[in-house]
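Coordinates from target.txt are shown below (compact mmCIF, C-alpha atoms).
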```txt
# COMPACT_ATOMS: atom_id res chain seq x y z
CA MET P 1282 0.00 0.00 0.00
CA PRO P 1283 1.53 3.29 -0.97
CA ARG P 1284 2.27 5.64 1.92
CA SER P 1285 0.49 8.90 1.69
CA PRO P 1286 3.00 11.70 1.43
CA MET P 1287 3.40 13.92 4.49
CA VAL P 1288 3.43 16.96 2.35
CA THR P 1289 1.59 16.81 -0.91
CA SER P 1290 2.58 20.23 -2.05
CA MET P 1291 3.71 23.55 -0.64
CA PRO P 1292 0.76 25.79 0.15
CA SER P 1293 0.46 28.91 -1.90
CA ASN P 1294 1.13 32.31 -0.39
CA ALA P 1295 -2.59 33.04 -0.54
CA SER P 1296 -3.49 29.92 1.44
CA LEU P 1297 -0.78 30.70 4.02
CA ASP P 1298 -2.24 34.17 4.44
CA ALA P 1299 -5.68 32.61 4.93
CA MET P 1300 -4.25 30.18 7.51
CA PHE P 1301 -2.66 32.99 9.51
CA ALA P 1302 -5.83 35.01 9.27
CA ASN P 1303 -7.75 32.05 10.72
CA MET P 1304 -5.24 31.75 13.55
CA ARG P 1305 -5.66 35.43 14.32
CA ASP P 1306 -9.43 34.94 14.39
CA TYR P 1307 -9.06 32.04 16.83
CA ARG P 1308 -6.81 34.13 19.04
CA SER P 1309 -9.17 37.07 19.08
CA LEU P 1310 -12.14 34.75 19.73
CA ALA P 1311 -10.28 33.19 22.64
CA SER P 1312 -9.43 36.59 24.03
CA ARG P 1313 -12.98 37.85 23.50
CA SER P 1314 -14.37 34.79 25.17
CA SER P 1315 -12.07 35.15 28.18
CA THR P 1316 -12.96 38.85 28.39
CA ASN P 1317 -16.64 37.95 28.36
CA VAL P 1318 -16.17 35.44 31.15
CA GLN P 1319 -14.26 38.02 33.20
CA ALA P 1320 -17.00 40.60 32.59
CA ALA P 1321 -19.66 38.06 33.60
CA ASP P 1322 -17.74 37.23 36.80
CA LEU P 1323 -17.25 40.91 37.61
CA GLY P 1324 -20.92 41.59 36.87
CA LEU P 1325 -21.92 38.88 39.31
CA GLU P 1326 -19.51 40.14 41.97
CA LEU P 1327 -20.80 43.69 41.60
CA SER P 1328 -24.38 42.47 41.75
CA ASN P 1329 -23.60 40.56 44.98
CA ALA P 1330 -21.84 43.62 46.41
CA ARG P 1331 -24.87 45.80 45.61
CA ALA P 1332 -27.21 43.33 47.30
CA THR P 1333 -25.01 43.04 50.41
CA PHE P 1334 -24.58 46.80 50.71
CA LYS P 1335 -28.34 47.42 50.36
CA LEU P 1336 -29.14 44.70 52.88
CA LEU P 1337 -26.79 46.27 55.43
CA VAL P 1338 -28.25 49.72 54.77
CA SER P 1339 -31.80 48.35 55.16
CA GLN P 1340 -30.95 47.01 58.60
CA VAL P 1341 -30.45 50.55 59.87
CA SER P 1342 -33.18 52.15 57.75
CA MET P 1343 -35.06 53.33 60.88
CA HIS P 1344 -32.09 55.61 61.63
CA LEU P 1345 -31.62 56.84 58.10
CA GLY P 1346 -35.20 57.49 57.01
CA ILE P 1347 -36.89 56.42 53.79
CA ALA P 1348 -35.76 59.40 51.68
CA TRP P 1349 -32.09 58.81 52.51
CA LEU P 1350 -32.50 55.07 52.04
CA HIS P 1351 -33.74 55.62 48.49
CA LYS P 1352 -30.95 58.09 47.77
CA LEU P 1353 -28.34 55.70 49.12
CA PHE P 1354 -29.74 52.82 47.04
CA SER P 1355 -29.49 55.00 43.96
CA GLN P 1356 -25.89 55.96 44.82
CA ILE P 1357 -25.00 52.29 45.38
CA ASP P 1358 -26.47 51.31 41.99
CA SER P 1359 -24.61 54.12 40.29
CA LEU P 1360 -21.25 53.39 41.96
CA LEU P 1361 -21.39 49.64 41.39
CA ASP P 1362 -22.56 49.87 37.79
CA LEU P 1363 -20.69 47.37 35.60
CA GLU P 1364 -20.69 49.81 32.67
CA GLU P 1365 -18.69 52.33 34.70
CA TRP P 1366 -16.68 50.01 36.93
CA ASP P 1367 -12.90 50.04 36.49
CA PRO P 1368 -12.10 46.31 36.22
CA ARG P 1369 -8.78 46.92 38.04
CA ASP P 1370 -10.74 47.71 41.24
CA PRO P 1371 -12.02 44.83 43.36
CA PRO P 1372 -15.75 45.13 44.22
CA PRO P 1373 -16.28 46.33 47.81
CA LYS P 1374 -16.63 43.77 50.56
CA ALA P 1375 -19.26 43.81 53.31
CA GLU P 1376 -16.65 44.97 55.87
CA THR P 1377 -16.09 48.33 54.19
CA ALA P 1378 -19.87 48.81 53.85
CA ARG P 1379 -20.31 48.09 57.58
CA THR P 1380 -17.72 50.69 58.49
CA PHE P 1381 -19.32 53.21 56.12
CA ILE P 1382 -22.78 52.75 57.66
CA ARG P 1383 -21.50 52.85 61.24
CA MET P 1384 -19.61 56.02 60.42
CA LEU P 1385 -22.77 57.72 59.15
CA LEU P 1386 -24.56 56.76 62.36
CA VAL P 1387 -21.73 57.78 64.70
CA LEU P 1388 -21.20 61.13 62.98
CA LYS P 1389 -24.97 61.78 62.93
CA VAL P 1390 -24.79 63.53 59.58
CA ALA P 1391 -27.79 65.29 58.11
CA ARG P 1392 -26.07 66.03 54.84
CA LYS P 1393 -25.26 62.93 52.86
CA PRO P 1394 -21.86 62.20 51.34
CA GLY P 1395 -21.01 61.45 47.74
CA LEU P 1396 -19.65 57.95 47.21
CA GLY P 1397 -16.45 56.68 45.64
CA ILE P 1398 -14.20 53.64 45.66
CA SER P 1399 -10.48 53.20 46.36
CA ASN P 1400 -8.05 51.01 44.42
CA SER P 1401 -8.44 48.41 47.18
CA GLY P 1402 -12.23 48.37 46.89
CA ASN P 1403 -12.85 50.44 50.02
CA LEU P 1404 -15.84 52.77 50.03
CA ILE P 1405 -15.09 56.48 50.14
CA ALA P 1406 -17.43 59.10 51.58
CA ALA P 1407 -16.88 62.66 50.35
CA TRP P 1408 -18.44 65.86 51.70
CA THR P 1409 -17.84 69.01 49.70
CA THR P 1410 -19.05 72.49 50.63
CA GLY P 1411 -17.35 74.94 48.31
CA PRO P 1412 -13.62 74.73 49.05
CA ASN P 1413 -14.24 72.80 52.30
CA ARG P 1414 -13.64 69.14 51.66
CA LEU P 1415 -13.74 66.04 53.84
CA THR P 1416 -12.86 62.65 52.35
CA VAL P 1417 -13.05 59.43 54.37
CA GLU P 1418 -11.94 55.99 53.18
CA CYS P 1419 -13.65 53.15 55.04
CA PHE P 1420 -11.53 50.12 55.92
CA PRO P 1421 -12.78 46.95 57.64
CA ASN P 1422 -13.34 46.89 61.43
CA ASP P 1423 -14.42 50.53 61.85
CA ARG P 1424 -11.07 51.88 60.68
CA VAL P 1425 -11.08 55.02 58.55
CA ARG P 1426 -8.53 57.24 56.84
CA TRP P 1427 -9.45 60.87 56.36
CA VAL P 1428 -8.17 64.01 54.72
CA LEU P 1429 -9.72 67.45 55.01
CA THR P 1430 -9.40 71.02 53.81
CA ARG P 1431 -11.11 73.71 55.87
CA HIS P 1432 -11.34 77.41 55.04
CA GLN P 1433 -12.06 79.45 58.16
CA ASN P 1434 -11.45 83.11 58.96
CA SER P 1435 -9.38 83.55 55.79
CA GLU P 1436 -7.10 80.71 56.89
CA VAL P 1437 -6.79 77.38 55.08
CA GLU P 1438 -6.18 74.33 57.21
CA ARG P 1439 -5.36 70.87 55.89
CA ALA P 1440 -5.15 67.69 57.90
CA ALA P 1441 -5.12 63.95 57.46
CA GLY P 1442 -5.26 60.96 59.78
CA GLU P 1443 -6.18 57.36 60.30
CA GLY P 1444 -7.90 55.51 63.12
CA LYS P 1445 -11.26 54.27 64.39
CA ILE P 1446 -14.50 56.11 63.64
CA ASP P 1447 -14.63 57.64 67.15
CA ARG P 1448 -11.16 59.09 66.60
CA LEU P 1449 -12.36 60.70 63.37
CA LYS P 1450 -15.25 62.26 65.24
CA SER P 1451 -12.99 63.87 67.85
CA PHE P 1452 -10.35 64.78 65.26
CA ILE P 1453 -12.71 66.83 63.11
CA ALA P 1454 -14.54 68.50 66.01
CA PRO P 1455 -12.26 71.61 66.07
CA TYR P 1456 -12.90 72.17 62.36
CA ASP P 1457 -16.62 72.84 62.91
CA PRO P 1458 -17.82 69.79 60.94
CA SER P 1459 -21.31 71.24 60.59
CA VAL P 1460 -20.00 72.81 57.38
CA TRP P 1461 -19.99 69.29 55.92
CA PHE P 1462 -22.68 67.49 57.88
CA GLU P 1463 -25.48 70.04 58.03
CA TYR P 1464 -27.39 71.85 55.34
CA GLY P 1465 -26.56 75.53 55.39
CA GLU P 1466 -29.29 78.05 54.63
CA GLN P 1467 -27.79 78.68 51.22
CA LEU P 1468 -27.55 75.01 50.37
CA PRO P 1469 -30.46 73.02 48.93
CA ALA P 1470 -31.76 70.26 51.21
CA MET B 1206 18.16 55.93 23.75
CA ALA B 1207 18.13 58.90 26.13
CA SER B 1208 15.05 59.31 28.32
CA ASN B 1209 12.60 61.86 27.05
CA TYR B 1210 11.71 63.90 30.16
CA LEU B 1211 8.57 66.00 29.97
CA LEU B 1212 9.11 69.76 30.18
CA ASP B 1213 7.61 72.03 32.82
CA ASP B 1214 5.16 73.75 30.49
CA GLU B 1215 3.82 70.49 29.04
CA ARG B 1216 0.58 68.78 30.01
CA VAL B 1217 -0.47 65.30 31.01
CA VAL B 1218 -3.95 63.77 31.04
CA ARG B 1219 -5.17 61.15 33.44
CA LEU B 1220 -8.32 59.09 33.12
CA ILE B 1221 -10.59 59.45 36.17
CA PRO B 1222 -13.10 56.59 36.29
CA TRP B 1223 -16.57 57.23 37.75
CA GLY B 1224 -15.65 55.65 41.10
CA LYS B 1225 -12.74 58.08 41.59
CA LEU B 1226 -14.72 61.22 40.77
CA ARG B 1227 -15.77 63.41 43.67
CA LYS B 1228 -19.55 63.65 43.75
CA ASP B 1229 -22.24 65.20 45.87
CA GLU B 1230 -25.12 63.19 47.30
CA ASP B 1231 -27.03 63.50 44.01
CA ASP B 1232 -24.10 62.15 41.99
CA ASN B 1233 -23.22 65.54 40.51
CA VAL B 1234 -19.50 65.61 39.79
CA VAL B 1235 -17.75 68.28 41.90
CA GLY B 1236 -14.11 67.26 41.37
CA VAL B 1237 -11.70 64.40 41.78
CA LEU B 1238 -11.11 62.16 44.81
CA PRO B 1239 -7.56 62.05 46.21
CA GLN B 1240 -7.59 58.28 45.70
CA ALA B 1241 -7.50 58.88 41.92
CA PHE B 1242 -3.78 59.60 42.29
CA GLU B 1243 -2.88 56.65 44.47
CA LEU B 1244 -0.71 53.88 43.03
CA ARG B 1245 -2.20 50.41 42.75
CA PRO B 1246 -0.28 47.65 44.59
CA ASP B 1247 1.34 46.42 41.35
CA GLU B 1248 2.04 49.85 39.84
CA PRO B 1249 5.67 51.06 39.90
CA TYR B 1250 4.66 54.50 38.61
CA LEU B 1251 1.62 56.67 38.00
CA SER B 1252 0.42 56.54 34.42
CA SER B 1253 -0.66 59.50 32.35
CA THR B 1254 -0.79 60.54 28.70
CA TRP B 1255 1.42 63.28 27.32
CA CYS B 1256 -0.41 65.93 25.27
CA GLU B 1257 2.66 67.40 23.57
CA TYR B 1258 3.57 63.99 22.16
CA PHE B 1259 1.15 65.01 19.42
CA SER B 1260 1.56 67.86 16.96
CA GLY B 1261 -0.99 70.62 16.46
CA ALA B 1262 -2.64 73.34 18.49
CA GLN B 1263 -3.07 72.89 22.26
CA ASP B 1264 -6.69 71.77 22.07
CA GLN B 1265 -5.89 69.35 19.25
CA GLN B 1266 -3.05 67.85 21.28
CA LEU B 1267 -5.39 67.44 24.23
CA ARG B 1268 -8.01 65.75 22.04
CA CYS B 1269 -5.35 63.38 20.66
CA ALA B 1270 -4.22 62.48 24.20
CA ILE B 1271 -7.82 61.73 25.17
CA GLU B 1272 -8.29 59.62 22.03
CA ALA B 1273 -5.06 57.76 22.87
CA ILE B 1274 -6.57 56.87 26.26
CA ARG B 1275 -9.88 55.87 24.67
CA ASN B 1276 -8.04 53.60 22.22
CA SER B 1277 -5.86 52.02 24.92
CA ASN B 1278 -6.65 48.93 26.97
CA LEU B 1279 -8.10 51.09 29.76
CA LYS B 1280 -11.85 50.90 30.21
CA VAL B 1281 -13.37 54.33 29.66
CA GLY B 1282 -16.95 54.41 30.93
CA GLY B 1283 -19.41 56.99 29.66
CA LYS B 1284 -19.30 58.90 32.97
CA ALA B 1285 -15.51 58.82 33.34
CA GLN B 1286 -13.68 62.13 32.93
CA PHE B 1287 -10.21 63.28 31.89
CA ALA B 1288 -8.10 65.41 34.24
CA VAL B 1289 -5.46 67.67 32.72
CA GLY B 1290 -2.43 68.78 34.71
CA LEU B 1291 0.63 70.93 34.05
CA VAL B 1292 3.95 69.16 34.59
CA ARG B 1293 5.48 72.11 36.49
CA GLU B 1294 2.64 72.27 39.01
CA ILE B 1295 2.59 68.51 39.57
CA ARG B 1296 6.35 68.43 40.05
CA GLN B 1297 6.35 71.42 42.44
CA LEU B 1298 3.70 69.91 44.69
CA VAL B 1299 5.20 66.42 44.79
CA ASP B 1300 8.80 67.56 45.26
CA ALA B 1301 7.80 69.88 48.11
CA ARG B 1302 6.57 67.00 50.28
CA PRO B 1303 8.73 66.06 53.26
CA ASN B 1304 11.09 63.16 52.43
CA ALA B 1305 9.88 63.13 48.82
CA LYS B 1306 12.11 61.74 46.11
CA LYS B 1307 12.39 64.01 43.09
CA ILE B 1308 9.79 62.74 40.63
CA ARG B 1309 10.67 61.94 37.05
CA ILE B 1310 8.03 62.33 34.38
CA ILE B 1311 9.22 60.36 31.39
CA HIS B 1312 7.77 59.49 27.98
CA GLU B 1313 7.50 55.70 28.09
CA PRO B 1314 5.40 54.55 25.13
CA GLU B 1315 3.32 51.43 25.67
CA GLU B 1316 1.92 49.03 23.11
CA ASP B 1317 -1.57 50.39 23.51
CA ASN B 1318 -0.61 54.05 24.06
CA GLU B 1319 2.30 55.67 22.23
CA ALA B 1320 1.92 58.88 24.25
CA HIS B 1321 2.11 57.16 27.65
CA ALA B 1322 4.12 59.01 30.31
CA ALA B 1323 5.31 57.40 33.52
CA MET B 1324 5.58 59.41 36.73
CA ARG B 1325 8.37 57.66 38.56
CA HIS B 1326 9.22 58.04 42.27
CA TRP B 1327 5.54 58.72 42.86
CA PRO B 1328 4.74 58.67 46.61
CA GLU B 1329 3.06 55.41 47.57
CA SER B 1330 0.82 56.78 50.26
CA ASP B 1331 0.35 60.49 50.88
CA VAL B 1332 -3.36 61.20 50.94
CA GLU B 1333 -2.78 64.86 51.80
CA LEU B 1334 -0.68 65.31 48.66
CA PHE B 1335 -3.21 63.44 46.54
CA ASP B 1336 -5.96 65.70 47.89
CA LEU B 1337 -3.92 68.78 47.01
CA LEU B 1338 -3.34 67.46 43.50
CA ALA B 1339 -7.05 66.78 43.12
CA GLN B 1340 -8.01 70.26 44.33
CA SER B 1341 -5.50 72.30 42.45
CA VAL B 1342 -3.17 71.15 39.72
CA TRP B 1343 -5.19 68.24 38.38
CA SER B 1344 -8.61 69.78 38.74
CA MET B 1345 -9.35 70.71 35.12
CA LEU B 1346 -11.85 68.08 34.04
CA TYR B 1347 -13.28 67.13 30.66
CA ASN B 1348 -16.30 64.89 30.52
CA SER B 1349 -17.05 62.82 27.45
CA GLU B 1350 -19.11 65.58 25.84
CA ALA B 1351 -16.49 68.29 26.44
CA ALA B 1352 -13.78 65.98 25.10
CA ASP B 1353 -15.78 65.31 21.94
CA ALA B 1354 -16.15 69.07 21.42
CA LEU B 1355 -12.35 69.52 21.22
CA PRO B 1356 -10.98 69.93 17.69
CA THR B 1357 -9.73 66.81 15.97
CA SER B 1358 -6.52 66.41 13.96
CA GLU B 1359 -4.38 63.67 12.44
CA CYS B 1360 -2.70 63.11 15.81
CA ALA B 1361 0.72 62.86 14.24
CA CYS B 1362 3.75 62.53 16.50
CA SER B 1363 5.38 65.91 17.20
CA GLU B 1364 9.12 66.61 17.18
CA ARG B 1365 9.03 66.60 20.97
CA GLY B 1366 7.34 63.20 20.83
CA GLN B 1367 10.23 61.95 18.71
CA GLY B 1368 12.63 63.15 21.38
CA LYS B 1369 13.94 66.14 19.42
```

Using structure tokens, write down the structure from this file.
Amino acid sequence: MPRSPMVTSMPSNASLDAMFANMRDYRSLASRSSTNVQAADLGLELSNARATFKLLVSQVSMHLGIAWLHKLFSQIDSLLDLEEWDPRDPPPKAETARTFIRMLLVLKVARKPGLGISNSGNLIAAWTTGPNRLTVECFPNDRVRWVLTRHQNSEVERAAGEGKIDRLKSFIAPYDPSVWFEYGEQLPA
Amino acid sequence: MASNYLLDDERVVRLIPWGKLRKDEDDNVVGVLPQAFELRPDEPYLSSTWCEYFSGAQDQQLRCAIEAIRNSNLKVGGKAQFAVGLVREIRQLVDARPNAKKIRIIHEPEEDNEAHAAMRHWPESDVELFDLLAQSVWSMLYNSEAADALPTSECACSERGQGK
């Protein structure tokens, strides 16, 4: 029986081009598919994080009031939106959400913060009243890191620190925190 | 090849994702969070995109830098914004910090962004500095709409971009 030749003939340049084009397609399909899987995983993680955060917020809803609860839910949905999420950031864990909620209760704020996220997936609360800024990153176990800028009597003071929530409360007391936590007459409620 | 250091009067753009934008309680953008300038655990330098890498008028260069970011591997969400900073002001603030190493802002092209600039010796953790940067030198923001309104050009590489 005659052996079939290993190579019957050299492929033409055109067929080589087609082969390489196919390989490129496979590679891009593989990369697309892996990207899709990653996006699906991230989407699920963000969805779980949203649910956990809302559940924790609901548990203290009697202290926050319905209007704030709705606003907070909307902020959570907006922050943890897959379309806007930087895939390099890990979704926030329940521990950072717990610290965030406890901080709101301890500080007894009337004016709500804007929300952000750190590179480590920690929630960030930001209060901004003109040039007066207070930014607090919420770590697990009631730990927070803060930085503030306060304009008072034509002086500008800047400070930063890290510690438990109670320490934050005493730290910011001399800066008249009502500028961040209360609605001024000129500010819309 | 000699390093191409950015000059004091040149500009860099940094992508600020939605989660790093400073917002009020109604999600109106009021600035940038200090954490937008913090290094990630695996980042040896802070990344930015060099405007003057491109030829053309200032606004065209800025538009090209923004397009370079949009065409890179970074995810640019619809609500993300672009912060523009002047090299001199960034350098002055960072170098003035106690125990700071002199920062080096160098053109280091990457596969997905030819105009990439690396800010080396960037402080790892200095939230006060990052807050200052967010408030002052890196506070000029362009949202997607404002970026699209900037004039377009061919985005050719300038002589400066070629290291001349």

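Using only C-alpha atoms for every distance, the candidate list P:Val1437, P:Leu1429, P:Met1384, P:Leu1353 yields P:Leu1353 as the residue closest to Asp1232 (chain B).
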
Kindly provide, as a ChimeraX atom specification, the residues of chain P having any atom no farther than 8 Å from an atom of chain B, counting only C-alpha atoms.
/P:1352,1356,1360,1364-1368,1393-1401,1407-1409,1416,1428,1439-1441

Between CA of Glu1376 (chain P) and CA of Leu1361 (chain P), distance in Å (one decimal)
15.9 Å

Residues within 8 Å of region 1293-1306 of chain B, please, as a list in words. Count all atoms listed in the file; anything in the same chain fewer than 3 positions from it doesn't count.
Leu1212, Asp1213, Asp1214, Glu1215, Gly1290, His1326, Trp1327, Pro1328, Leu1334, Leu1338, Val1342 and Trp1343 of chain B

Print the selection's residues with C-alpha atoms to a file, as a CSV table (one decimal), keeping the file's coordinate frame.
```csv
chain,number,residue,atom,x,y,z
B,1212,LEU,CA,9.1,69.8,30.2
B,1213,ASP,CA,7.6,72.0,32.8
B,1214,ASP,CA,5.2,73.8,30.5
B,1215,GLU,CA,3.8,70.5,29.0
B,1290,GLY,CA,-2.4,68.8,34.7
B,1326,HIS,CA,9.2,58.0,42.3
B,1327,TRP,CA,5.5,58.7,42.9
B,1328,PRO,CA,4.7,58.7,46.6
B,1334,LEU,CA,-0.7,65.3,48.7
B,1338,LEU,CA,-3.3,67.5,43.5
B,1342,VAL,CA,-3.2,71.2,39.7
B,1343,TRP,CA,-5.2,68.2,38.4
```

Can you list, as a ChimeraX atom specification, every protein, DNA or RNA residue that comes within 12 Å of region 1263-1268 of chain B when you count all atoms listed in the file, leaving out same-chain residues fewer than 6 positions away?
/B:1214-1219,1254-1257,1274-1275,1287-1290,1320,1346-1363,1366

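CA of Pro1373 (chain P) is found 24.3 Å from CA of Phe1462 (chain P).
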
For CA of Ile1453 (chain P) and CA of Ala1378 (chain P), determine how far apart the two atoms are, in Å to one decimal place.
21.5 Å

So which residues touch Asp1317 (chain B) within 9 Å, counting all atoms listed in the file, skipping near sequence neighbours fewer than 5 positions away, as a PyMOL selection string?
chain B and resi 1273-1274+1276-1278

Have region 1291-1315 of chain B completed to N, CA and C atoms, please, and pass it along as a PDB file, in the frame of the given file.
```pdb
ATOM      1  N   LEU B1291      -0.605  70.354  34.587  1.00  0.00           N
ATOM      2  CA  LEU B1291       0.630  70.930  34.050  1.00  0.00           C
ATOM      3  C   LEU B1291       1.821  70.298  34.774  1.00  0.00           C
ATOM      4  N   VAL B1292       2.803  69.874  34.008  1.00  0.00           N
ATOM      5  CA  VAL B1292       3.950  69.160  34.590  1.00  0.00           C
ATOM      6  C   VAL B1292       4.605  69.973  35.712  1.00  0.00           C
ATOM      7  N   ARG B1293       4.807  71.277  35.488  1.00  0.00           N
ATOM      8  CA  ARG B1293       5.480  72.110  36.490  1.00  0.00           C
ATOM      9  C   ARG B1293       4.744  72.057  37.832  1.00  0.00           C
ATOM     10  N   GLU B1294       3.430  72.210  37.764  1.00  0.00           N
ATOM     11  CA  GLU B1294       2.640  72.270  39.010  1.00  0.00           C
ATOM     12  C   GLU B1294       2.622  70.919  39.729  1.00  0.00           C
ATOM     13  N   ILE B1295       2.563  69.851  38.954  1.00  0.00           N
ATOM     14  CA  ILE B1295       2.590  68.510  39.570  1.00  0.00           C
ATOM     15  C   ILE B1295       3.930  68.309  40.268  1.00  0.00           C
ATOM     16  N   ARG B1296       4.992  68.614  39.529  1.00  0.00           N
ATOM     17  CA  ARG B1296       6.350  68.430  40.050  1.00  0.00           C
ATOM     18  C   ARG B1296       6.569  69.256  41.329  1.00  0.00           C
ATOM     19  N   GLN B1297       6.141  70.537  41.277  1.00  0.00           N
ATOM     20  CA  GLN B1297       6.350  71.420  42.440  1.00  0.00           C
ATOM     21  C   GLN B1297       5.675  70.859  43.692  1.00  0.00           C
ATOM     22  N   LEU B1298       4.437  70.410  43.522  1.00  0.00           N
ATOM     23  CA  LEU B1298       3.700  69.910  44.690  1.00  0.00           C
ATOM     24  C   LEU B1298       4.332  68.634  45.236  1.00  0.00           C
ATOM     25  N   VAL B1299       4.668  67.712  44.338  1.00  0.00           N
ATOM     26  CA  VAL B1299       5.200  66.420  44.790  1.00  0.00           C
ATOM     27  C   VAL B1299       6.579  66.604  45.414  1.00  0.00           C
ATOM     28  N   ASP B1300       7.431  67.384  44.758  1.00  0.00           N
ATOM     29  CA  ASP B1300       8.800  67.560  45.260  1.00  0.00           C
ATOM     30  C   ASP B1300       8.858  68.320  46.579  1.00  0.00           C
ATOM     31  N   ALA B1301       7.803  69.083  46.871  1.00  0.00           N
ATOM     32  CA  ALA B1301       7.800  69.880  48.110  1.00  0.00           C
ATOM     33  C   ALA B1301       7.417  69.043  49.338  1.00  0.00           C
ATOM     34  N   ARG B1302       6.982  67.803  49.130  1.00  0.00           N
ATOM     35  CA  ARG B1302       6.570  67.000  50.280  1.00  0.00           C
ATOM     36  C   ARG B1302       7.780  66.591  51.107  1.00  0.00           C
ATOM     37  N   PRO B1303       7.607  66.483  52.427  1.00  0.00           N
ATOM     38  CA  PRO B1303       8.730  66.060  53.260  1.00  0.00           C
ATOM     39  C   PRO B1303       9.183  64.650  52.860  1.00  0.00           C
ATOM     40  N   ASN B1304      10.476  64.456  52.769  1.00  0.00           N
ATOM     41  CA  ASN B1304      11.090  63.160  52.430  1.00  0.00           C
ATOM     42  C   ASN B1304      10.743  62.667  51.017  1.00  0.00           C
ATOM     43  N   ALA B1305      10.257  63.574  50.166  1.00  0.00           N
ATOM     44  CA  ALA B1305       9.880  63.130  48.820  1.00  0.00           C
ATOM     45  C   ALA B1305      11.118  62.931  47.963  1.00  0.00           C
ATOM     46  N   LYS B1306      11.064  61.907  47.114  1.00  0.00           N
ATOM     47  CA  LYS B1306      12.110  61.740  46.110  1.00  0.00           C
ATOM     48  C   LYS B1306      11.713  62.592  44.917  1.00  0.00           C
ATOM     49  N   LYS B1307      12.685  63.165  44.249  1.00  0.00           N
ATOM     50  CA  LYS B1307      12.390  64.010  43.090  1.00  0.00           C
ATOM     51  C   LYS B1307      11.690  63.155  42.020  1.00  0.00           C
ATOM     52  N   ILE B1308      10.501  63.585  41.609  1.00  0.00           N
ATOM     53  CA  ILE B1308       9.790  62.740  40.630  1.00  0.00           C
ATOM     54  C   ILE B1308      10.355  62.949  39.229  1.00  0.00           C
ATOM     55  N   ARG B1309      10.235  61.906  38.448  1.00  0.00           N
ATOM     56  CA  ARG B1309      10.670  61.940  37.050  1.00  0.00           C
ATOM     57  C   ARG B1309       9.470  61.627  36.188  1.00  0.00           C
ATOM     58  N   ILE B1310       9.171  62.535  35.280  1.00  0.00           N
ATOM     59  CA  ILE B1310       8.030  62.330  34.380  1.00  0.00           C
ATOM     60  C   ILE B1310       8.604  62.064  32.995  1.00  0.00           C
ATOM     61  N   ILE B1311       8.478  60.832  32.556  1.00  0.00           N
ATOM     62  CA  ILE B1311       9.220  60.360  31.390  1.00  0.00           C
ATOM     63  C   ILE B1311       8.264  59.789  30.334  1.00  0.00           C
ATOM     64  N   HIS B1312       8.536  60.105  29.068  1.00  0.00           N
ATOM     65  CA  HIS B1312       7.770  59.490  27.980  1.00  0.00           C
ATOM     66  C   HIS B1312       8.183  58.023  27.879  1.00  0.00           C
ATOM     67  N   GLU B1313       7.235  57.143  28.186  1.00  0.00           N
ATOM     68  CA  GLU B1313       7.500  55.700  28.090  1.00  0.00           C
ATOM     69  C   GLU B1313       6.364  55.078  27.297  1.00  0.00           C
ATOM     70  N   PRO B1314       6.492  55.067  25.953  1.00  0.00           N
ATOM     71  CA  PRO B1314       5.400  54.550  25.130  1.00  0.00           C
ATOM     72  C   PRO B1314       5.049  53.110  25.499  1.00  0.00           C
ATOM     73  N   GLU B1315       3.764  52.803  25.427  1.00  0.00           N
ATOM     74  CA  GLU B1315       3.320  51.430  25.670  1.00  0.00           C
ATOM     75  C   GLU B1315       2.654  50.917  24.406  1.00  0.00           C
TER      76      GLU B1315
END
```
